[in-house]
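Novice: Pasting a structure below so you can have a look.
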Amino acid sequence: FVDLVVDYAQAMGVPIEKVSAEAGGSMEFNMPPSAPVTACDRMVQFRAVFKAAAQKCGYLGTLVPRAVTDGPTCGIHLHLSMLEAGSGRDALADPAADGWSSTGRDVLSGLLTHATSVAAAGANSVNSFKRLVPENSWAPAYATWGFGNRSCFVRVVDDPPFLTSNHRAQGVRRLEVRCADGTCNPYVFAVSVLAAIVDGLAEHYPLPEGSDVDWGRSHPTGTDPASLPRTVDEALSALSSDKVISAALGDVLVRGITQARTAERRAFQGVVTAW
């Protein structure tokens with residue numbers, strides 16, 4: 001099956017950089033970095049490739065975030081890097097300033113400030129919220145960040161400790177936004193992420209401390225850190241109330257998203273399950 005996915009992807013011009021076996025029998029397919037629109041195009045093509053290969057092998061390829069109760073969950077991890085226009089240098093990192101540049105801090109603060117609406121843009125179905133729960137260690141449930149912390153909303157990918165004596169050789173390499181899943185519209189998600197970044201660069205929001213806490217095993221009290229949406233209605237409320245993200249998407253698209261997801265939620269509520 002994996003070989004067939006790779007073959008189909010190559011035939012459609014979708015580069016697969018790496019394939020890894022994950023926990024519980026999941027497979028991770030990595031694509032090389034590209035410009036935002038190209039990355040979204042490749043995601044749409046990959047979904048078609050995945051479903052076609054599954055059908056050829058007698059399977060059903062769904063890309064839903066939680067297909068079975070006791071099995072693993074699956075998501076889309078968006079990796080972000082930024083280069084200075086003139087020099088081509090990494091705009092996120094500054095080894096002389098604890099690994100971070102001021103630009104990198106602003107980018108991350110923008111993502112955290114708009115975390116609930118960004119997560120809403122990346123969680124497109126009722127099933128999405130069966131993944132974004134505290135009991136799921138490697139899926140984010142709160143607006144948090146940390147170096148190498150896969151339970152956070154944003155994981156900062158830096159040099160591995162074995163490369164350096166101080167555990168921070170070159171500092172930040174890239175940011176990984178971990179909230180989206182295979183049901184999302186990648187263009188909507190990418191626009192939301194970029195709008196959050198631009199707002200962070202403009203407003204210079206304060207950046208909270210990073211964390212090495214396993215948020216999938218924690219039960220914080222109060223409002224800090226903020227919870228990501230737990231239901232369709234919470235997600236739609238976050239999306240419509242965020243003026244920056246909703247303005248970037250446009251009123252027509254936000255209304256369409258709201259109508260479509262509300263209809264799905266009503267249909268879901270009308271179905272009798274084992275519960």
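How things are named: the first chain in the structure tokens is A, the next is B, and so on; residues count from 1 in each chain; ligands count from 1 in the order shown.
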What's around segment 111-119 of chain A at 7 Å? Count only C-alpha atoms, leave out sequence neighbours fewer than 6 positions away in its own chain, and write the answer as a ChimeraX atom specification.
Specialist: /A:143,179-180,189,192-193,196-197,228-229,235,238-239,242
Novice: Would you mind exporting all heavy atoms of the selected residues as a short mmCIF file (atom, residue, chain, number, x, y, z; two decimals), in the first residue's frame?
Specialist:
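Output below, filename again.cif:
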```
data_model
loop_
_atom_site.label_atom_id
_atom_site.label_comp_id
_atom_site.auth_asym_id
_atom_site.auth_seq_id
_atom_site.Cartn_x
_atom_site.Cartn_y
_atom_site.Cartn_z
N ALA A 143 -3.54 26.05 23.96
CA ALA A 143 -2.73 27.01 23.21
C ALA A 143 -1.36 27.14 23.87
O ALA A 143 -1.09 28.09 24.61
CB ALA A 143 -3.44 28.36 23.15
N CYS A 179 -2.35 21.33 14.94
CA CYS A 179 -3.78 21.22 15.27
C CYS A 179 -4.66 20.70 14.13
O CYS A 179 -5.76 20.22 14.39
CB CYS A 179 -4.32 22.58 15.73
SG CYS A 179 -4.14 23.88 14.49
N ALA A 180 -4.22 20.79 12.90
CA ALA A 180 -5.10 20.47 11.76
C ALA A 180 -5.18 18.96 11.54
O ALA A 180 -4.38 18.18 12.06
CB ALA A 180 -4.61 21.16 10.50
N PHE A 189 -6.93 26.73 6.12
CA PHE A 189 -6.01 26.60 7.25
C PHE A 189 -4.76 27.45 7.03
O PHE A 189 -4.32 28.17 7.94
CB PHE A 189 -5.64 25.13 7.44
CG PHE A 189 -4.72 24.89 8.60
CD1 PHE A 189 -5.04 25.32 9.87
CD2 PHE A 189 -3.51 24.22 8.41
CE1 PHE A 189 -4.19 25.10 10.95
CE2 PHE A 189 -2.66 23.99 9.47
CZ PHE A 189 -2.99 24.43 10.74
N SER A 192 -5.38 31.15 7.52
CA SER A 192 -5.55 31.46 8.94
C SER A 192 -4.20 31.54 9.64
O SER A 192 -3.95 32.44 10.44
CB SER A 192 -6.45 30.42 9.60
OG SER A 192 -7.71 30.37 8.98
N VAL A 193 -3.32 30.59 9.35
CA VAL A 193 -1.99 30.59 9.94
C VAL A 193 -1.21 31.83 9.52
O VAL A 193 -0.59 32.52 10.35
CB VAL A 193 -1.22 29.31 9.54
CG1 VAL A 193 0.26 29.43 9.88
CG2 VAL A 193 -1.83 28.09 10.22
N ALA A 196 -2.49 34.99 11.22
CA ALA A 196 -2.04 35.05 12.61
C ALA A 196 -0.59 35.51 12.68
O ALA A 196 -0.21 36.30 13.55
CB ALA A 196 -2.21 33.69 13.28
N ILE A 197 0.24 35.02 11.77
CA ILE A 197 1.65 35.40 11.74
C ILE A 197 1.81 36.88 11.44
O ILE A 197 2.55 37.61 12.12
CB ILE A 197 2.40 34.55 10.71
CG1 ILE A 197 2.55 33.11 11.20
CG2 ILE A 197 3.77 35.15 10.40
CD1 ILE A 197 3.14 32.16 10.17
N LEU A 228 -8.12 24.81 23.34
CA LEU A 228 -8.54 24.84 21.94
C LEU A 228 -10.00 24.40 21.88
O LEU A 228 -10.52 23.79 22.82
CB LEU A 228 -7.66 23.91 21.11
CG LEU A 228 -6.17 24.25 21.08
CD1 LEU A 228 -5.43 23.29 20.15
CD2 LEU A 228 -5.92 25.69 20.67
N PRO A 229 -10.70 24.70 20.80
CA PRO A 229 -12.13 24.32 20.71
C PRO A 229 -12.33 22.83 20.93
O PRO A 229 -11.57 22.01 20.44
CB PRO A 229 -12.51 24.74 19.29
CG PRO A 229 -11.55 25.81 18.92
CD PRO A 229 -10.26 25.44 19.60
N ALA A 235 -15.72 25.94 17.93
CA ALA A 235 -14.82 26.29 16.84
C ALA A 235 -15.41 27.40 15.97
O ALA A 235 -14.72 28.37 15.60
CB ALA A 235 -14.52 25.06 15.98
N ALA A 238 -15.24 30.71 17.77
CA ALA A 238 -13.88 31.25 17.77
C ALA A 238 -13.53 31.86 16.41
O ALA A 238 -12.92 32.93 16.33
CB ALA A 238 -12.89 30.15 18.12
N LEU A 239 -13.93 31.18 15.35
CA LEU A 239 -13.60 31.65 14.00
C LEU A 239 -14.32 32.95 13.68
O LEU A 239 -13.72 33.90 13.17
CB LEU A 239 -13.99 30.57 12.99
CG LEU A 239 -13.39 30.67 11.59
CD1 LEU A 239 -11.88 30.60 11.63
CD2 LEU A 239 -13.95 29.57 10.69
N ASP A 242 -13.04 36.12 15.80
CA ASP A 242 -11.67 36.58 15.58
C ASP A 242 -11.65 37.49 14.35
O ASP A 242 -11.71 37.03 13.21
CB ASP A 242 -10.73 35.39 15.37
CG ASP A 242 -9.26 35.78 15.37
OD1 ASP A 242 -8.92 36.83 14.80
OD2 ASP A 242 -8.46 35.02 15.95
#
```
Novice: Fewer than 3 positions away in the same chain doesn't count, so skip those; otherwise give me all residues within 12 Å of Val188 of chain A, counting only C-alpha atoms, as an NGL selection string.
Specialist: :A and (36-37 or 40 or 117-124 or 180 or 183-185 or 191-195 or 239 or 245-246 or 248-250 or 253-254 or 256-257)
Novice: Please give the complete set of residues from segment 221-269 of chain A that DSSP, run on the backbone, assigns to alpha helix (DSSP H), formatted as number ranges by chain.
Specialist: A: 232-241, 243-249, 251-269
Novice: What does the distance between atom CA of Thr262 of chain A and atom CA of Ser241 of chain A come to in Å, to one decimal place?
Specialist: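 If I compute the distance from atom CA of Thr262 of chain A to atom CA of Ser241 of chain A, I get 16.1 Å.
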Novice: Can you check which parts of segment 109-200 of chain A lie within 8 Å of segment 74-89 of chain A? Per residue, the shortest pair of atoms and distance in Å to one decimal, counting only C-alpha atoms, sorted by chain and number, as JSON lines.
Specialist:
```
{"residue": "A:Arg131", "atom": "CA", "partner": "A:Cys74", "partner_atom": "CA", "distance": 7.9}
{"residue": "A:Ala139", "atom": "CA", "partner": "A:Gly75", "partner_atom": "CA", "distance": 7.8}
{"residue": "A:Arg173", "atom": "CA", "partner": "A:Ser81", "partner_atom": "CA", "distance": 7.4}
{"residue": "A:Arg174", "atom": "CA", "partner": "A:Ser81", "partner_atom": "CA", "distance": 5.0}
{"residue": "A:Leu175", "atom": "CA", "partner": "A:Leu80", "partner_atom": "CA", "distance": 5.0}
{"residue": "A:Glu176", "atom": "CA", "partner": "A:His79", "partner_atom": "CA", "distance": 4.3}
{"residue": "A:Val177", "atom": "CA", "partner": "A:Leu78", "partner_atom": "CA", "distance": 5.1}
{"residue": "A:Arg178", "atom": "CA", "partner": "A:His77", "partner_atom": "CA", "distance": 4.6}
{"residue": "A:Cys179", "atom": "CA", "partner": "A:His77", "partner_atom": "CA", "distance": 7.2}
{"residue": "A:Ala180", "atom": "CA", "partner": "A:Ile76", "partner_atom": "CA", "distance": 5.2}
{"residue": "A:Asp181", "atom": "CA", "partner": "A:Gly75", "partner_atom": "CA", "distance": 4.0}
{"residue": "A:Gly182", "atom": "CA", "partner": "A:Gly75", "partner_atom": "CA", "distance": 6.1}
```
Novice: Per residue of segment 64-183 of chain A within 12 Å of segment 5-23 of chain A, record the nearest atom pair and its distance in Å to one decimal, counting only C-alpha atoms, with rows in chain order and ascending residue number, as JSON lines.
Specialist:
```
{"residue": "A:Gly71", "atom": "CA", "partner": "A:Ala23", "partner_atom": "CA", "distance": 9.3}
{"residue": "A:Pro72", "atom": "CA", "partner": "A:Ala23", "partner_atom": "CA", "distance": 7.0}
{"residue": "A:Thr73", "atom": "CA", "partner": "A:Ala23", "partner_atom": "CA", "distance": 9.5}
{"residue": "A:Cys74", "atom": "CA", "partner": "A:Glu22", "partner_atom": "CA", "distance": 9.9}
{"residue": "A:Gly75", "atom": "CA", "partner": "A:Glu22", "partner_atom": "CA", "distance": 11.9}
{"residue": "A:Ser137", "atom": "CA", "partner": "A:Ala23", "partner_atom": "CA", "distance": 11.8}
{"residue": "A:Trp138", "atom": "CA", "partner": "A:Ala23", "partner_atom": "CA", "distance": 10.4}
```
Novice: Smallest atom-to-atom distance to Leu236 of chain A: which of A:Pro206, A:Ser125, A:Gly61, A:Ala267, using only C-alpha atoms?
Specialist: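 Ranked by minimum distance to Leu236 of chain A, first place goes to A:Ser125.
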Novice: Output as a ChimeraX atom specification all residues of segment 90-210 of chain A that backbone DSSP marks as strand (DSSP E).
Specialist: /A:93-94,99-100,145-147,154-158,172-180
Novice: Name the residues in contact with Arg105 of chain A at a cut-off of 8 Å, using only C-alpha atoms, excluding same-chain residues fewer than 4 positions from it; report them as an NGL selection string.
Specialist: :A and (92 or 100-101 or 109 or 207)
Novice: May I ask for the distance between atom CA of Thr103 of chain A and atom CA of Leu132 of chain A, given in Å to one decimal place?
Specialist: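 Pair atom CA of Thr103 of chain A / atom CA of Leu132 of chain A returns 28.6 Å.
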